[in-house]
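Structure data follow from upload-v9.csv (CSV, C-alpha atoms and all ligand atoms):
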chain,number,residue,atom,x,y,z
A,1,MET,CA,46.2,5.0,13.8
A,2,THR,CA,43.8,4.1,10.9
A,3,HIS,CA,44.6,1.8,8.0
A,4,LYS,CA,43.4,2.3,4.5
A,5,ILE,CA,40.7,-0.3,3.9
A,6,LYS,CA,41.2,-2.9,1.2
A,7,ILE,CA,38.4,-3.7,-1.1
A,8,ILE,CA,37.9,-7.1,-2.8
A,9,ALA,CA,35.4,-7.5,-5.7
A,10,ILE,CA,33.6,-10.8,-6.2
A,11,SER,CA,31.8,-11.0,-9.5
A,12,GLY,CA,30.4,-13.5,-11.9
A,13,GLY,CA,27.0,-14.4,-13.3
A,14,SER,CA,23.8,-14.8,-11.3
A,15,GLY,CA,23.9,-18.2,-9.5
A,16,SER,CA,27.7,-18.5,-9.9
A,17,GLY,CA,28.1,-18.5,-6.1
A,18,LYS,CA,29.3,-15.0,-5.4
A,19,THR,CA,27.4,-14.5,-2.2
A,20,THR,CA,28.4,-17.9,-1.0
A,21,ALA,CA,32.1,-17.2,-1.8
A,22,ALA,CA,31.9,-13.8,-0.2
A,23,HIS,CA,30.6,-15.3,3.1
A,24,TYR,CA,33.3,-18.0,3.0
A,25,LEU,CA,36.0,-15.3,2.4
A,26,GLN,CA,34.6,-13.2,5.2
A,27,GLN,CA,34.8,-16.3,7.5
A,28,ILE,CA,38.5,-17.0,6.6
A,29,LEU,CA,39.4,-13.4,7.0
A,30,GLY,CA,37.6,-13.0,10.3
A,31,ASN,CA,34.2,-11.4,10.8
A,32,GLU,CA,35.8,-8.7,13.0
A,33,ASN,CA,38.0,-7.5,10.1
A,34,CYS,CA,35.8,-8.0,7.1
A,35,LYS,CA,32.3,-6.9,5.9
A,36,ILE,CA,30.3,-7.5,2.8
A,37,LEU,CA,28.7,-4.9,0.6
A,38,SER,CA,26.3,-6.2,-2.0
A,39,GLN,CA,25.4,-4.6,-5.4
A,40,ASP,CA,21.9,-5.9,-4.7
A,41,SER,CA,21.5,-3.1,-2.0
A,42,TYR,CA,21.8,-0.5,-4.8
A,43,TYR,CA,18.8,-1.5,-7.0
A,44,ILE,CA,16.8,1.5,-8.1
A,45,ASP,CA,13.3,1.5,-6.7
A,46,GLN,CA,11.1,-0.4,-9.2
A,47,SER,CA,7.7,0.5,-7.7
A,48,LEU,CA,6.6,2.6,-10.6
A,49,ASN,CA,7.2,0.1,-13.5
A,50,PHE,CA,7.3,-3.4,-12.0
A,51,LYS,CA,4.6,-5.6,-13.5
A,52,GLY,CA,5.1,-8.6,-11.3
A,53,ASP,CA,5.8,-10.9,-14.2
A,54,GLY,CA,9.6,-10.7,-14.3
A,55,THR,CA,9.6,-8.2,-17.2
A,56,VAL,CA,11.7,-5.5,-15.5
A,57,ASN,CA,15.4,-5.7,-16.6
A,58,PHE,CA,17.1,-6.1,-13.2
A,59,ASP,CA,20.3,-7.3,-14.9
A,60,HIS,CA,21.0,-4.1,-17.0
A,61,PRO,CA,23.5,-1.7,-15.5
A,62,ASN,CA,20.8,1.0,-15.6
A,63,ALA,CA,18.9,-0.9,-12.8
A,64,ILE,CA,21.6,-0.2,-10.4
A,65,ASP,CA,22.6,3.1,-8.6
A,66,PHE,CA,26.3,2.7,-9.4
A,67,PRO,CA,27.0,6.4,-8.8
A,68,LEU,CA,25.8,6.0,-5.2
A,69,MET,CA,27.8,2.8,-4.8
A,70,ALA,CA,31.0,4.6,-6.1
A,71,GLU,CA,30.3,7.5,-3.6
A,72,ASN,CA,29.9,5.0,-0.8
A,73,LEU,CA,33.2,3.2,-1.7
A,74,SER,CA,34.9,6.6,-1.9
A,75,ASP,CA,33.7,7.5,1.6
A,76,LEU,CA,34.7,4.1,3.0
A,77,ILE,CA,38.3,4.5,1.8
A,78,LYS,CA,38.4,7.9,3.5
A,79,ASN,CA,37.3,6.0,6.7
A,80,LYS,CA,33.9,7.6,6.7
A,81,THR,CA,30.7,5.8,7.8
A,82,ILE,CA,28.2,5.3,5.0
A,83,GLN,CA,24.4,4.8,4.8
A,84,ILE,CA,23.5,1.9,2.6
A,85,PRO,CA,20.1,1.6,1.1
A,86,ILE,CA,17.8,-1.3,1.8
A,87,TYR,CA,16.2,-3.0,-1.2
A,88,ASP,CA,13.2,-5.3,-0.7
A,89,PHE,CA,13.2,-8.2,-3.2
A,90,ILE,CA,9.5,-9.0,-2.6
A,91,THR,CA,8.1,-5.5,-3.3
A,92,HIS,CA,11.0,-4.3,-5.5
A,93,THR,CA,11.2,-1.0,-3.6
A,94,ARG,CA,13.8,0.8,-1.7
A,95,LYS,CA,12.9,1.2,2.0
A,96,ASN,CA,12.8,4.6,3.7
A,97,GLU,CA,15.5,3.7,6.2
A,98,ASN,CA,19.2,3.0,5.6
A,99,ILE,CA,21.8,0.9,7.3
A,100,LEU,CA,24.7,2.6,9.0
A,101,PHE,CA,27.9,0.9,7.8
A,102,HIS,CA,31.2,1.6,9.4
A,103,PRO,CA,34.5,1.1,7.4
A,104,PRO,CA,36.0,-2.3,8.0
A,105,LYS,CA,39.6,-3.2,7.5
A,106,ILE,CA,38.7,-5.4,4.5
A,107,LEU,CA,35.5,-4.9,2.4
A,108,ILE,CA,34.1,-7.5,0.1
A,109,VAL,CA,31.9,-6.2,-2.7
A,110,ASP,CA,29.6,-8.7,-4.3
A,111,GLY,CA,27.8,-8.2,-7.6
A,112,ILE,CA,27.2,-9.3,-11.2
A,113,LEU,CA,28.1,-5.9,-12.7
A,114,ILE,CA,30.7,-4.4,-10.4
A,115,LEU,CA,33.6,-5.2,-12.8
A,116,SER,CA,31.7,-3.8,-15.8
A,117,GLN,CA,31.7,-0.4,-14.2
A,118,GLU,CA,34.7,1.9,-14.9
A,119,ILE,CA,33.7,4.1,-11.9
A,120,LEU,CA,34.0,1.2,-9.5
A,121,ARG,CA,37.1,-0.7,-10.8
A,122,PRO,CA,39.7,1.7,-9.4
A,123,PHE,CA,38.5,1.0,-5.8
A,124,PHE,CA,39.3,-2.7,-6.0
A,125,THR,CA,42.6,-4.0,-4.4
A,126,ALA,CA,41.9,-7.4,-6.1
A,127,SER,CA,39.0,-9.0,-7.9
A,128,LEU,CA,37.6,-12.4,-8.5
A,129,PHE,CA,35.3,-13.5,-11.4
A,130,ILE,CA,33.5,-16.8,-10.8
A,131,ASP,CA,33.0,-18.3,-14.3
A,132,ILE,CA,30.4,-21.1,-14.1
A,133,ALA,CA,28.4,-22.7,-16.9
A,134,GLU,CA,25.0,-21.1,-17.6
A,135,GLU,CA,23.0,-24.3,-17.0
A,136,THR,CA,24.5,-24.8,-13.5
A,137,ARG,CA,23.9,-21.1,-12.7
A,138,PHE,CA,20.3,-21.3,-13.9
A,139,LYS,CA,19.5,-24.4,-11.7
A,140,ARG,CA,21.0,-22.8,-8.7
A,141,ARG,CA,19.2,-19.5,-9.3
A,142,LEU,CA,15.9,-21.2,-9.8
A,143,LYS,CA,16.2,-23.0,-6.5
A,144,ARG,CA,17.3,-19.9,-4.6
A,145,ASP,CA,14.6,-17.5,-6.1
A,146,VAL,CA,11.8,-19.9,-5.4
A,147,GLU,CA,12.9,-20.9,-1.9
A,148,GLU,CA,14.3,-17.6,-0.6
A,149,ARG,CA,12.7,-14.9,-2.7
A,150,GLY,CA,9.1,-16.1,-3.1
A,151,ARG,CA,9.2,-16.3,-6.9
A,152,GLN,CA,7.2,-18.7,-9.2
A,153,PRO,CA,9.4,-21.2,-11.2
A,154,GLU,CA,7.9,-20.2,-14.5
A,155,GLY,CA,8.6,-16.5,-13.9
A,156,VAL,CA,12.2,-17.3,-12.9
A,157,LYS,CA,12.7,-19.3,-16.0
A,158,LYS,CA,11.2,-16.7,-18.3
A,159,GLN,CA,13.3,-13.9,-16.7
A,160,PHE,CA,16.5,-16.0,-16.9
A,161,TYR,CA,16.3,-16.6,-20.6
A,162,SER,CA,14.7,-13.3,-21.7
A,163,LEU,CA,16.7,-10.9,-19.5
A,164,VAL,CA,19.4,-12.5,-17.3
A,165,LYS,CA,21.1,-14.4,-20.1
A,166,PRO,CA,21.2,-11.5,-22.7
A,167,MET,CA,22.5,-9.1,-20.1
A,168,HIS,CA,25.0,-11.7,-18.8
A,169,ASP,CA,26.4,-12.1,-22.3
A,170,ALA,CA,26.5,-8.4,-23.0
A,171,PHE,CA,27.8,-7.0,-19.7
A,172,VAL,CA,28.8,-9.6,-17.1
A,173,GLN,CA,30.8,-12.2,-19.1
A,174,PRO,CA,32.9,-9.5,-20.9
A,175,SER,CA,33.9,-7.9,-17.5
A,176,LYS,CA,35.8,-11.1,-16.7
A,177,GLU,CA,38.9,-9.5,-18.4
A,178,TYR,CA,39.2,-7.0,-15.5
A,179,ALA,CA,39.4,-9.7,-12.8
A,180,THR,CA,42.7,-10.4,-11.0
A,181,PHE,CA,41.6,-14.0,-10.5
A,182,VAL,CA,39.1,-16.3,-12.4
A,183,ALA,CA,37.6,-19.4,-10.7
A,184,THR,CA,35.9,-22.1,-12.8
A,185,ASP,CA,35.2,-24.7,-10.2
A,186,ASP,CA,35.3,-25.3,-6.4
A,187,SER,CA,39.0,-26.1,-6.5
A,188,SER,CA,40.1,-23.0,-8.4
A,189,LEU,CA,37.7,-20.9,-6.3
A,190,LYS,CA,39.4,-22.2,-3.1
A,191,ASP,CA,42.8,-21.4,-4.6
A,192,ALA,CA,41.8,-17.9,-5.6
A,193,LEU,CA,40.3,-17.1,-2.2
A,194,GLU,CA,43.5,-18.3,-0.5
A,195,LYS,CA,45.5,-16.0,-2.8
A,196,ILE,CA,43.2,-13.1,-2.0
A,197,LYS,CA,43.6,-13.8,1.7
A,198,ASN,CA,47.4,-13.7,1.4
A,199,LEU,CA,47.1,-10.4,-0.5
A,200,VAL,CA,45.0,-8.6,2.1
A,201,ILE,CA,46.2,-10.0,5.4
A,301,LIG,N1,30.2,-23.9,-5.0
A,301,LIG,C1,28.9,-24.2,-5.0
A,301,LIG,N2,28.5,-25.4,-5.3
A,301,LIG,C2,27.2,-25.7,-5.2
A,301,LIG,N3,26.2,-24.9,-5.0
A,301,LIG,C3,26.6,-23.6,-4.7
A,301,LIG,C4,27.9,-23.2,-4.7
A,301,LIG,N4,28.0,-21.8,-4.4
A,301,LIG,C5,26.7,-21.5,-4.3
A,301,LIG,N5,25.8,-22.5,-4.4
A,301,LIG,C6,24.4,-22.5,-4.3
A,301,LIG,O1,23.9,-21.8,-5.5
A,301,LIG,C7,22.9,-20.8,-5.2
A,301,LIG,C8,23.3,-19.5,-5.7
A,301,LIG,O2,24.5,-19.1,-4.9
A,301,LIG,P1,24.7,-17.6,-4.6
A,301,LIG,O3,25.9,-17.5,-3.7
A,301,LIG,O4,23.5,-16.9,-4.1
A,301,LIG,O5,25.0,-17.0,-6.1
A,301,LIG,P2,25.1,-15.6,-6.6
A,301,LIG,O6,25.3,-14.7,-5.4
A,301,LIG,O7,26.3,-15.6,-7.4
A,301,LIG,O8,23.9,-15.3,-7.4
A,301,LIG,C9,22.7,-20.9,-3.7
A,301,LIG,O9,21.5,-21.7,-3.5
A,301,LIG,C10,23.9,-21.6,-3.2
A,301,LIG,O10,23.7,-22.3,-2.0
A,302,MG,MG,24.2,-13.1,-4.6
Is it possible to express this structure as C-alpha cells?
Amino acid sequence: MTHKIKIIAISGGSGSGKTTAAHYLQQILGNENCKILSQDSYYIDQSLNFKGDGTVNFDHPNAIDFPLMAENLSDLIKNKTIQIPIYDFITHTRKNENILFHPPKILIVDGILILSQEILRPFFTASLFIDIAEETRFKRRLKRDVEERGRQPEGVKKQFYSLVKPMHDAFVQPSKEYATFVATDDSSLKDALEKIKNLVI
C-alpha cells in the first residue's frame, strides 16, 4: 500500500537558515522517510545574460522555473518518480543531466520564494517561515557565498543590497502570512520543527 506523501515548506530570507533547518528536520524525521527538494535546483539557466558581477536578479520569481517545480510536486504526490534539474552555482547554468528523485514519505521543500507562489502553496501540508533580521542574514550569506560558492565579498555585498534586499522586501517577507509557523530565533525554530514533526509522523 502506498501513502500519500506529506510536503513541508521551509521558507524565509536568504541566510535565514532554511537549508540548515531542512537538514535538521530531515534528521529528526529519519533519512529513510524524508528527502529535501530545493528551490535552488530550479534556477533558469543564466548562461546567456550572466555578467559575472552579480547583476542578474536571482531573487526575482522570474529567475525560477516554478511551473516545473509545481509539475514535479504534482507528480510526487501521485507517487511518481521525477527528474530534478541540476543547477551549477559557479557557471550559473543548468546541467544536461537530471537527478532521478523517488517520492519519499515526507518531502521538505526549501526556498526563499516558495510561499510567494500561488501554484505551489496548495501542495504544502504545513509551512515554516524563518524570520531573521536582515543584518544577521547578510553576515551569514556573505560567509557562505565566499566559502562555499567561490564569490568575492564585494560582489556578494553589492548583490545583497541592490537585488537580494529589494526582492526580499517585495516578495519574500510578504509571503510570511501564508506560513503555518513562524520562527524568529533558535528556540522558536526548535519548537516549530517539533510541531511539524508531530504533524507529519
Ligand atoms: N540557527 C543558526 N544559527 C547560526 N548560524 C546559522 C543558523 N542556521 C544557519 N546558519 C548559518 O548561516 C549560513 C546560511 O544558512 P543556510 O541554511 O544556508 O541559509 P539559507 O538556506 O536560508 O540561505 C550558513 O553558513 C549556516 O551555517
Ligand atoms: Mg539555502
Open item on the list: Ranking A:Asn96, A:Gln39, A:Thr81, A:Ser16 by minimum distance to Leu68 (chain A) and counting all atoms listed in the file, which one comes first?
Closed with: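 The shortest atom-to-atom distance to Leu68 (chain A) comes from A:Gln39.
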Give me, as JSON lines, the closest atom pair and its distance (Å, one decimal) for every residue of chain A within a cut-off of 6 Å of ligand LIG 301 (chain A), counting all atoms listed in the file, rows sorted by chain and rising number.
{"residue": "A:Ser14", "atom": "CA", "partner": "A:LIG301", "partner_atom": "O8", "distance": 3.9}
{"residue": "A:Gly15", "atom": "CA", "partner": "A:LIG301", "partner_atom": "O8", "distance": 3.6}
{"residue": "A:Ser16", "atom": "CA", "partner": "A:LIG301", "partner_atom": "O7", "distance": 4.1}
{"residue": "A:Gly17", "atom": "CA", "partner": "A:LIG301", "partner_atom": "O3", "distance": 3.4}
{"residue": "A:Lys18", "atom": "CA", "partner": "A:LIG301", "partner_atom": "O7", "distance": 3.7}
{"residue": "A:Thr19", "atom": "CA", "partner": "A:LIG301", "partner_atom": "O3", "distance": 3.7}
{"residue": "A:Thr20", "atom": "CA", "partner": "A:LIG301", "partner_atom": "O3", "distance": 3.7}
{"residue": "A:Arg140", "atom": "CA", "partner": "A:LIG301", "partner_atom": "O1", "distance": 4.4}
{"residue": "A:Arg141", "atom": "CA", "partner": "A:LIG301", "partner_atom": "C8", "distance": 5.5}
{"residue": "A:Arg144", "atom": "CA", "partner": "A:LIG301", "partner_atom": "O9", "distance": 4.7}
{"residue": "A:Asp186", "atom": "CA", "partner": "A:LIG301", "partner_atom": "N1", "distance": 5.5}
Output file for the selection above: C-alpha atoms, as a tab-separated table (two decimals), keeping the file's coordinate frame:
chain	number	residue	atom	x	y	z
A	14	SER	CA	23.80	-14.80	-11.30
A	15	GLY	CA	23.90	-18.20	-9.50
A	16	SER	CA	27.70	-18.50	-9.90
A	17	GLY	CA	28.10	-18.50	-6.10
A	18	LYS	CA	29.30	-15.00	-5.40
A	19	THR	CA	27.40	-14.50	-2.20
A	20	THR	CA	28.40	-17.90	-1.00
A	140	ARG	CA	21.00	-22.80	-8.70
A	141	ARG	CA	19.20	-19.50	-9.30
A	144	ARG	CA	17.30	-19.90	-4.60
A	186	ASP	CA	35.30	-25.30	-6.40
Task: Two-atom distance - CA of Asn62 (chain A), CA of Asp40 (chain A) (Å) - done: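 So the answer is 12.9 Å.
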- [ ] Kindly indicate which residue among A:Ile8, A:Leu115, A:Val109, A:Ile90 lies nearest to ligand MG 302 (chain A), using all atoms listed in the file for the distances.
- [x] A:Val109
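Residues in contact range of Leu76 (chain A), defined as at most 8 Å between all atoms listed in the file, with sequence neighbours fewer than 3 positions away removed, read Ile5, Asn72, Leu73, Asn79, Lys80, Thr81, Ile82, His102 and Pro103 of chain A.
Among the candidates A:Glu148, A:Asp65, A:Asp110, A:Glu32, the residue lying nearest to Asp45 (chain A) is A:Asp65 (atoms considered: all atoms listed in the file).
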TODO: Mind checking which residues fall within 9 Å of region 163-167 of chain A, counting only C-alpha atoms, ignoring those fewer than 3 positions away in the same chain, and posting them as a ChimeraX atom specification?
DONE: /A:13-14,54-61,134,158-160,170-173
Task: Between CA of Ile196 (chain A) and CA of Ser127 (chain A), distance in Å (one decimal) - done: 8.3 Å
